[in-house]
file data00.cif (mmCIF, C-alpha atoms)
data_final
#
loop_
_atom_site.group_PDB
_atom_site.id
_atom_site.type_symbol
_atom_site.label_atom_id
_atom_site.label_comp_id
_atom_site.auth_asym_id
_atom_site.auth_seq_id
_atom_site.Cartn_x
_atom_site.Cartn_y
_atom_site.Cartn_z
ATOM 1 C CA MET A 1 14.346 272.285 17.908
ATOM 2 C CA SER A 2 14.356 269.179 20.050
ATOM 3 C CA ARG A 3 15.186 265.598 19.174
ATOM 4 C CA ARG A 4 13.069 262.552 18.376
ATOM 5 C CA ILE A 5 14.375 259.197 19.443
ATOM 6 C CA VAL A 6 13.530 256.152 17.394
ATOM 7 C CA ILE A 7 14.161 252.635 18.603
ATOM 8 C CA LEU A 8 13.978 249.813 16.091
ATOM 9 C CA PHE A 9 15.657 247.342 18.409
ATOM 10 C CA VAL A 10 18.761 249.092 17.110
ATOM 11 C CA LEU A 11 18.991 252.506 18.731
ATOM 12 C CA LEU A 12 18.833 255.352 16.209
ATOM 13 C CA SER A 13 18.240 259.088 16.521
ATOM 14 C CA GLY A 14 16.794 261.742 14.241
ATOM 15 C CA THR A 15 15.089 265.089 14.533
ATOM 16 C CA ALA A 16 11.585 266.059 15.564
ATOM 17 C CA LEU A 17 9.417 269.083 14.954
ATOM 18 C CA LEU A 18 8.394 269.934 18.504
ATOM 19 C CA LEU A 19 9.014 267.452 21.283
ATOM 20 C CA PRO A 20 11.024 264.246 21.517
ATOM 21 C CA ALA A 21 9.381 260.890 21.248
ATOM 22 C CA LEU A 22 10.305 257.339 22.054
ATOM 23 C CA ARG A 23 9.147 255.022 19.313
ATOM 24 C CA ILE A 24 9.385 251.619 17.879
ATOM 25 C CA VAL A 25 7.793 252.179 14.519
ATOM 26 C CA PRO A 26 5.243 249.517 13.575
ATOM 27 C CA VAL A 27 4.858 248.377 10.016
ATOM 28 C CA GLY A 28 1.489 247.044 9.073
ATOM 29 C CA ALA A 29 -1.696 246.965 7.132
ATOM 30 C CA GLN A 30 -4.244 249.703 6.706
ATOM 31 C CA PRO A 31 -5.759 250.891 10.002
ATOM 32 C CA THR A 32 -9.324 250.060 10.910
ATOM 33 C CA SER A 33 -11.464 251.914 13.424
ATOM 34 C CA GLY A 34 -13.806 250.727 16.127
ATOM 35 C CA GLU A 35 -13.638 250.192 19.828
ATOM 36 C CA THR A 36 -13.423 246.713 21.306
ATOM 37 C CA LEU A 37 -13.167 245.165 24.729
ATOM 38 C CA ARG A 38 -9.376 245.132 24.459
ATOM 39 C CA ASP A 39 -9.424 248.943 24.505
ATOM 40 C CA THR A 40 -10.602 249.027 28.128
ATOM 41 C CA GLU A 41 -7.410 247.233 29.182
ATOM 42 C CA PHE A 42 -5.355 249.911 27.441
ATOM 43 C CA ASP A 43 -7.486 252.746 28.817
ATOM 44 C CA ALA A 44 -6.894 251.682 32.424
ATOM 45 C CA LYS A 45 -3.138 251.561 31.869
ATOM 46 C CA ILE A 46 -3.070 254.927 30.083
ATOM 47 C CA ARG A 47 -5.290 256.656 32.651
ATOM 48 C CA ALA A 48 -3.033 255.380 35.464
ATOM 49 C CA PHE A 49 -0.066 256.786 33.516
ATOM 50 C CA PHE A 50 -1.715 260.214 33.197
ATOM 51 C CA ASN A 51 -2.790 260.130 36.849
ATOM 52 C CA ASN A 52 0.834 259.638 37.930
ATOM 53 C CA LEU A 53 1.969 262.393 35.549
ATOM 54 C CA SER A 54 -0.595 264.781 37.055
ATOM 55 C CA LYS A 55 0.987 264.093 40.462
ATOM 56 C CA SER A 56 4.408 264.981 38.987
ATOM 57 C CA ASP A 57 5.495 261.378 39.498
ATOM 58 C CA THR A 58 7.016 260.852 36.065
ATOM 59 C CA GLN A 59 9.311 258.010 37.119
ATOM 60 C CA THR A 60 6.468 255.890 38.543
ATOM 61 C CA ALA A 61 4.296 256.748 35.533
ATOM 62 C CA LEU A 62 6.947 255.499 33.115
ATOM 63 C CA ASP A 63 7.937 252.485 35.221
ATOM 64 C CA ASP A 64 4.329 251.265 35.414
ATOM 65 C CA LEU A 65 3.543 251.972 31.766
ATOM 66 C CA LEU A 66 6.721 250.384 30.401
ATOM 67 C CA ARG A 67 6.700 247.290 32.593
ATOM 68 C CA GLN A 68 6.979 244.228 30.310
ATOM 69 C CA SER A 69 7.594 246.451 27.283
ATOM 70 C CA PRO A 70 10.678 246.477 25.060
ATOM 71 C CA LEU A 71 10.739 250.203 25.779
ATOM 72 C CA GLY A 72 11.392 249.436 29.444
ATOM 73 C CA THR A 73 14.466 247.287 28.852
ATOM 74 C CA PRO A 74 17.979 248.309 29.932
ATOM 75 C CA SER A 75 18.954 248.907 26.286
ATOM 76 C CA ALA A 76 16.430 251.764 26.154
ATOM 77 C CA ALA A 77 17.388 253.284 29.529
ATOM 78 C CA LYS A 78 19.115 256.337 28.051
ATOM 79 C CA GLN A 79 16.129 257.135 25.826
ATOM 80 C CA ILE A 80 13.715 256.663 28.730
ATOM 81 C CA SER A 81 15.808 259.042 30.829
ATOM 82 C CA GLU A 82 15.656 261.635 28.035
ATOM 83 C CA LEU A 83 11.914 261.088 27.686
ATOM 84 C CA LYS A 84 11.444 261.563 31.440
ATOM 85 C CA THR A 85 13.290 264.882 31.256
ATOM 86 C CA GLN A 86 11.111 266.016 28.347
ATOM 87 C CA ILE A 87 7.917 265.010 30.161
ATOM 88 C CA ASP A 88 9.032 266.983 33.207
ATOM 89 C CA GLU A 89 9.728 269.971 30.935
ATOM 90 C CA MET A 90 6.259 269.578 29.433
ATOM 91 C CA ASN A 91 4.782 270.784 32.743
ATOM 92 C CA ILE A 92 6.992 273.863 32.635
ATOM 93 C CA HIS A 93 6.078 274.770 29.049
ATOM 94 C CA PHE A 94 2.393 273.799 28.989
ATOM 95 C CA GLY A 95 1.322 274.043 32.629
ATOM 96 C CA SER A 96 -0.205 271.514 34.973
ATOM 97 C CA ILE A 97 -2.260 268.627 33.658
ATOM 98 C CA LEU A 98 -5.975 269.316 33.960
ATOM 99 C CA ASP A 99 -7.625 266.381 32.176
ATOM 100 C CA SER A 100 -7.249 263.801 29.412
ATOM 101 C CA GLU A 101 -9.563 262.710 26.628
ATOM 102 C CA LYS A 102 -9.364 259.775 24.249
ATOM 103 C CA GLN A 103 -9.207 261.138 20.736
ATOM 104 C CA ASP A 104 -8.830 258.119 18.486
ATOM 105 C CA VAL A 105 -8.433 254.324 18.462
ATOM 106 C CA LYS A 106 -7.177 252.469 15.395
ATOM 107 C CA HIS A 107 -6.836 248.739 15.093
ATOM 108 C CA ILE A 108 -4.282 247.727 12.510
ATOM 109 C CA GLY A 109 -5.134 244.142 11.787
ATOM 110 C CA GLU A 110 -5.768 241.915 14.787
ATOM 111 C CA ASP A 111 -2.537 242.531 16.645
ATOM 112 C CA ILE A 112 -1.773 246.271 16.642
ATOM 113 C CA THR A 113 -3.793 248.984 18.387
ATOM 114 C CA VAL A 114 -2.933 252.688 18.233
ATOM 115 C CA ILE A 115 -4.593 255.009 20.749
ATOM 116 C CA ARG A 116 -4.302 258.807 20.772
ATOM 117 C CA TYR A 117 -5.161 260.903 23.796
ATOM 118 C CA ILE A 118 -5.353 264.638 24.272
ATOM 119 C CA LEU A 119 -3.671 265.618 27.522
ATOM 120 C CA LYS A 120 -5.211 268.953 28.466
ATOM 121 C CA CYS A 121 -2.736 271.222 30.223
ATOM 122 C CA GLU A 122 -3.233 274.757 31.551
ATOM 123 C CA GLN A 123 -1.670 276.518 28.553
ATOM 124 C CA TYR A 124 -1.702 274.000 25.706
ATOM 125 C CA PRO A 125 -2.878 270.482 24.862
ATOM 126 C CA VAL A 126 -0.407 267.676 24.239
ATOM 127 C CA ILE A 127 -1.187 264.696 21.998
ATOM 128 C CA TRP A 128 -0.021 261.301 23.259
ATOM 129 C CA THR A 129 0.096 258.254 21.003
ATOM 130 C CA PHE A 130 0.355 254.748 22.445
ATOM 131 C CA THR A 131 0.896 251.742 20.172
ATOM 132 C CA PHE A 132 0.266 248.259 21.536
ATOM 133 C CA TYR A 133 1.212 245.005 19.833
ATOM 134 C CA ARG A 134 0.642 241.365 20.558
ATOM 135 C CA LYS A 135 2.492 238.511 18.966
ATOM 136 C CA PRO A 136 0.064 236.651 16.684
ATOM 137 C CA ILE A 137 -1.416 233.325 17.702
ATOM 138 C CA GLN A 138 0.249 230.364 16.038
ATOM 139 C CA PRO A 139 -2.647 228.963 13.960
ATOM 140 C CA LEU A 140 -1.201 225.464 13.825
ATOM 141 C CA SER A 141 -0.732 225.230 17.581
ATOM 142 C CA ALA A 142 -2.732 222.497 19.328
ATOM 143 C CA THR A 143 -3.751 224.905 22.086
ATOM 144 C CA PRO A 144 -3.815 228.482 20.753
ATOM 145 C CA ILE A 145 -3.167 230.990 23.526
ATOM 146 C CA LEU A 146 -3.644 234.729 23.174
ATOM 147 C CA ASN A 147 -0.377 236.543 23.745
ATOM 148 C CA PRO A 148 -0.263 239.600 26.017
ATOM 149 C CA TRP A 149 -0.439 243.139 24.639
ATOM 150 C CA THR A 150 2.832 245.073 24.819
ATOM 151 C CA LEU A 151 3.451 248.795 24.489
ATOM 152 C CA ILE A 152 5.855 249.185 21.566
ATOM 153 C CA GLU A 153 5.545 252.902 20.863
ATOM 154 C CA LEU A 154 5.128 255.942 23.081
ATOM 155 C CA HIS A 155 5.024 259.345 21.443
ATOM 156 C CA PHE A 156 3.913 262.798 22.476
ATOM 157 C CA ASP A 157 3.851 266.100 20.615
ATOM 158 C CA THR A 158 1.820 269.257 20.132
ATOM 159 C CA ASN A 159 0.651 268.479 16.591
ATOM 160 C CA LEU A 160 -3.129 268.756 16.842
ATOM 161 C CA ASN A 161 -3.797 267.193 13.408
#

call {"tool": "encode", "arguments": {"input": "data00.cif", "output": "structure tokens"}}
result
Amino acid sequence: MSRRIVILFVLLSGTALLLPALRIVPVGAQPTSGETLRDTEFDAKIRAFFNNLSKSDTQTALDDLLRQSPLGTPSAAKQISELKTQIDEMNIHFGSILDSEKQDVKHIGEDITVIRYILKCEQYPVIWTFTFYRKPIQPLSATPILNPWTLIELHFDTNLN
């Protein structure tokens, strides 16, 4: 049994069923479905991540994906290192990456988006979950500016449900 790593801005650890994960667990309203223009921004970032993984360039894949994310900060370096090791082991256990397919997009309110992808490997598929968050607009601000989307959760496992 491997470990799951949970980061809630205070580093904690627990157990997982199959593979480790790196997470900041969002709390929020009921999810809503539907694809929007914001999803294309996420898709490009995720596809670049999978492209680097398929080239066995895990470090570049993680560096690019986690840039400007709380998951990419020095306080999470140990967990990222463990995640990198587990991703590299994924190729050993499940085979080379063949393709990826978007499975699901959920918008939780206006400022959280959860996207699940199926990463198709030679021997077994792996489910990746990416959670993006953006700080809400201050409604009383004279000039409301949309805040950037940030990856706050990265999780992968073999649970096909």

call {"tool": "closest_residue", "arguments": {"input": "data00.cif", "among": "A:Gly72, A:Glu110, A:Pro139, A:Ser100", "to": "Ala48 in chain A", "atoms": "all atoms listed in the file"}}
result
A:Ser100

call {"tool": "resolve_selection", "arguments": {"input": "data00.cif", "expression": "the PyMOL selection byres ((chain A and resi 152) around 7)", "output": "VMD selection string"}}
result
chain A and resid 24 69 to 71 131 to 133 150 to 151 153 to 154

call {"tool": "residues_around", "arguments": {"input": "data00.cif", "residues": "Met90 in chain A", "least_positions_apart": "2", "cutoff": "12 Å", "atoms": "all atoms listed in the file", "output": "number ranges by chain"}}
result
A: 18-20, 53-54, 56, 58, 83-88, 92-97, 119-127, 156-158

call {"tool": "closest_residue", "arguments": {"input": "data00.cif", "among": "A:His107, A:His155, A:Lys102, A:Arg67", "to": "Trp128 in chain A", "atoms": "all atoms listed in the file"}}
result
A:His155

call {"tool": "resolve_selection", "arguments": {"input": "data00.cif", "expression": "the PyMOL selection byres ((chain A and resi 43) around 12)", "output": "ChimeraX atom specification"}}
result
/A:35-42,44-51,65,100-105,113-117,130,132

call {"tool": "atom_distance", "arguments": {"input": "data00.cif", "atom1": "CA of Ile137 in chain A", "atom2": "CA of Gly109 in chain A"}}
result
12.9 Å

call {"tool": "atom_distance", "arguments": {"input": "data00.cif", "atom1": "CA of Asp111 in chain A", "atom2": "CA of Arg134 in chain A"}}
result
5.2 Å

call {"tool": "atom_distance", "arguments": {"input": "data00.cif", "atom1": "CA of Ile118 in chain A", "atom2": "CA of Gln59 in chain A"}}
result
20.6 Å
